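For reference, the structure is listed below as structure tokens.
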Amino acid sequence: MNLVTNHHLGTVILFKCEKQQLKRLSARKGKIALLTTEPPDKHDRLLAGAFLFERRRREVKKCLLVGMVLTLFISLAGVTGCVEARPPAEEAAPAEEETVCIDTSLRSLAQVHNMQVGAAVQAGLLATNPRYAETLRCEFSMLVPENAMKFEHVHPGRDRYDFSTADAIVDFAEANGMQVRGHTLVWHSQLPDWLTEGNWTRDELIKILQEHIMTVVGHYQGRIVAWDVVNEAVDDGGSLRDTFWLQGIGEDYIKLAFCWAHEADPEALLFYNDYGGEGLEPKSDTIYELIQSLLDEGVPIHGVGLQMHLSLDSYPKAQDVATNLNRLSVLGLEAHITEMDVRIQQPVTEEKLNEQAYVYRDILQVCLSAQNCKAFVLWGVTDRYSWIPLFFPGYQAALIFDENCDPKPAYYALTDVLAGH
Ligand code: G3I
């Protein structure tokens, strides 16, 4: 039997328990301060202090116990931290072994709400980094290939498909009872050169896209709960984005894509997915109108993905996200938070990490309260492998697990919301 807990596994040494609990408590303390509109008086402070002290005592005790068991286990298993283990082949996490995770993980807490908590994953890390794999297995109930299902990866030649990397992710998910979101069938980015450098007629492009969608969705038929069929078709000003697909096929490419995906897997939920249209702004209005007109035409579309790539510098008002979710629900649509992260400008401070925790908490709270919001997916697991530093120089620490796969205040904010605290 393989005994693992979520974040603790691998680097838990007993003294670390104390440190982690203190971090957790300082996040809570911050919350108490923020919830109070008036400056706390002496009585408030005493009450909060007594409450925190009692929790701290219980938690440290629990943590020490878990730590002792884990330390024993770790010394037998030789598990490492968030850094890739070497050599990969020998240390790959065995998916078949029975796994016991702590019952306060995101995954088990979310189950009570009938909600999926997910993360975007990189197949290479699943195979080479046991702690990464264990964190996924214990904490998440839904996976999304971060890049492996994109056009350039699965369809590298005109008549050549390569599903090996994406298959590894789907296999891992199934072996661990997790759902898979498919990402993504039609996007303007990560297209292969053979496609973008070709000189295609409209009919040829229609044929290529149809074949692509039928083949990829067909390959995974019955195994993908929801597909991001069309990704980011609206630009930041609220017009249809001027893309390779719009130029080559015209705006019909959107409805055609949904129809082909539905034909290939009638059971899969089909989503339109975008960023920057989460609250109430011109872009979310355009997305709403686009989807409404597709539905009026009878196009099979079942949901909208709110990517939720946020920054501490700017994030939507929770109330606006709630209103947006509600109007989608009135259209009969499901919604998923599909790619959440909250980037922080350097230097990363404890204060900023606590503020980040509130942003995560608010969005999860909104999703939990909306009757159509069924999945809450993060765009990555650990800050170590996040796309943020590469794409937003000067920003980092956008996820809920730090560089060592240890939980951050944002993690505890999410578990607190799910536990109803
Ligand atoms: O695999 C190569 C590697 O061989 C090379 O050494 C390295 C050098 O930079 O690049 C690697 O490829 C990178 C790939 O990510 C894997 O890390 C690409 O350059 C890089 O462009 C690619 O970025 C991805 C990005 O989409 C592309 O636009 C990010 O990982 C991925 O997180 C990001 O995901 C998108 C969603 O699909 C849609 N929504 C927005 C989101 C964030 O941009």
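Ordering of the structure tokens sets the chain letters (A, B, ...), residue numbers begin anew at 1 in every chain, and ligands are numbered from 1 in the order given.
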
**Q.** Site check for ligand 1: residues at most 6 Å away, only C-alpha atoms and all ligand atoms, as a ChimeraX atom specification
**A.** /A:146,189,387

Q: Just the residues within 12 Å of A:Pro347, please, counting only C-alpha atoms, with nothing from its chain fewer than 6 positions along; format it as a list in words.
A: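 What passes the distance filter is Leu353, Gly394, Tyr395, Gln396 and Ala397 of chain A.
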
Could the residues in this selection be saved with N, CA, C and O atoms as an mmCIF file, in the first residue's frame?
data_model
loop_
_atom_site.group_PDB
_atom_site.id
_atom_site.type_symbol
_atom_site.label_atom_id
_atom_site.label_comp_id
_atom_site.auth_asym_id
_atom_site.auth_seq_id
_atom_site.Cartn_x
_atom_site.Cartn_y
_atom_site.Cartn_z
ATOM 1 N N LEU A 353 0.577 37.401 -0.528
ATOM 2 C CA LEU A 353 0.092 36.014 -0.561
ATOM 3 C C LEU A 353 -1.266 35.907 0.134
ATOM 4 O O LEU A 353 -2.138 35.145 -0.290
ATOM 5 N N GLY A 394 8.597 39.478 -14.221
ATOM 6 C CA GLY A 394 8.387 40.306 -13.027
ATOM 7 C C GLY A 394 7.223 39.820 -12.178
ATOM 8 O O GLY A 394 7.010 40.320 -11.074
ATOM 9 N N TYR A 395 6.481 38.861 -12.692
ATOM 10 C CA TYR A 395 5.354 38.298 -11.933
ATOM 11 C C TYR A 395 5.637 36.826 -11.638
ATOM 12 O O TYR A 395 6.325 36.145 -12.408
ATOM 13 N N GLN A 396 5.065 36.324 -10.585
ATOM 14 C CA GLN A 396 5.251 34.908 -10.247
ATOM 15 C C GLN A 396 4.237 34.483 -9.184
ATOM 16 O O GLN A 396 3.265 35.203 -8.918
ATOM 17 N N ALA A 397 4.472 33.291 -8.627
ATOM 18 C CA ALA A 397 3.729 32.785 -7.448
ATOM 19 C C ALA A 397 2.210 32.817 -7.627
ATOM 20 O O ALA A 397 1.469 33.172 -6.719
#

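Between A:His183 and the candidates A:Asn114, A:Gln319, A:Gln292, A:Thr338, the tightest atom-to-atom separation, counting only C-alpha atoms, involves A:Thr338.
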
Q: From a DSSP pass on the backbone, collect the residues of stretch 138-266 of chain A flagged as helix (DSSP H, G or I) and hand them back as a count of residues only.
A: 59

Q. Skipping near chain neighbours, those fewer than 3 positions away, what residues fall within 9 Å of stretch 379-384 of chain A using only C-alpha atoms, listed as number ranges by chain?
A. A: 82-83, 118-122, 132, 135-136, 144, 146, 307, 309, 338-341, 387-388, 396-407

Q | Selection: 12 Å around A:Asn273, only C-alpha atoms, excl. self and same-chain fewer than 6 positions, as number ranges by chain | A | A: 181-187, 226-234, 254, 284, 287-288, 291, 301-308, 334-339

Q: Counting only C-alpha atoms, figure out which residue out of A:Leu368, A:Leu331, A:Val417, A:Ala410 gets nearest to A:Glu351.
A: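 Smallest distance to A:Glu351 is found for A:Ala410.
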
(Q) Counting only C-alpha atoms, which residue out of A:Ile249, A:Ile224, A:Met214, A:Ile206 sits closest to A:Gln179? (A) A:Ile224

**Q.** Minimum-distance residue to A:Tyr220, chosen among A:Asp252, A:Glu263, A:Asp167, A:Asp203 (using only C-alpha atoms)
**A.**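 Using only C-alpha atoms, the shortest distance to A:Tyr220 belongs to A:Asp167.
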
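The nearest approach to A:Thr415 among the residues A:Phe258, A:Trp194, A:Tyr385, A:Tyr360, with only C-alpha atoms taken into account, belongs to A:Tyr360.
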
**Q.** Gap from atom CA of A:Phe244 to atom CA of A:Leu390 - Å, one decimal
**A.**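 Rounded to one decimal, the two atoms are 24.4 Å apart.
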
(Q) List the spatial neighbours of A:Asp296 as a VMD selection string - criterion: any atom at most 12 Å away, only C-alpha atoms, same-chain residues fewer than 6 positions off excluded. (A) chain A and resid 255 289 to 290 331

Write the residues of the selection above to a file with C-alpha atoms, as a PDB file, in the first residue's frame.
ATOM      1  CA  LYS A 255     -20.492  26.690 -35.186  1.00  0.00           C
ATOM      2  CA  GLU A 289     -24.214  37.386 -27.230  1.00  0.00           C
ATOM      3  CA  LEU A 290     -22.116  35.031 -29.353  1.00  0.00           C
ATOM      4  CA  LEU A 331     -29.319  30.346 -21.072  1.00  0.00           C
TER       5      LEU A 331
END

Q: as a VMD selection string, please: all residues of stretch 58-272 of chain A that backbone DSSP puts in strand (DSSP E or B).
A: chain A and resid 99 to 100 116 to 121 142 to 145 157 160 179 to 186 226 to 231 234 240 269 to 272

(Q) Would you pick out the contacts of A:Leu418 at 9 Å or less, using only C-alpha atoms, so that residues sharing its chain but fewer than 5 positions from it are not included, and give the list as a PyMOL selection string? (A) chain A and resi 106+109-110+112-113+364-365+368+413
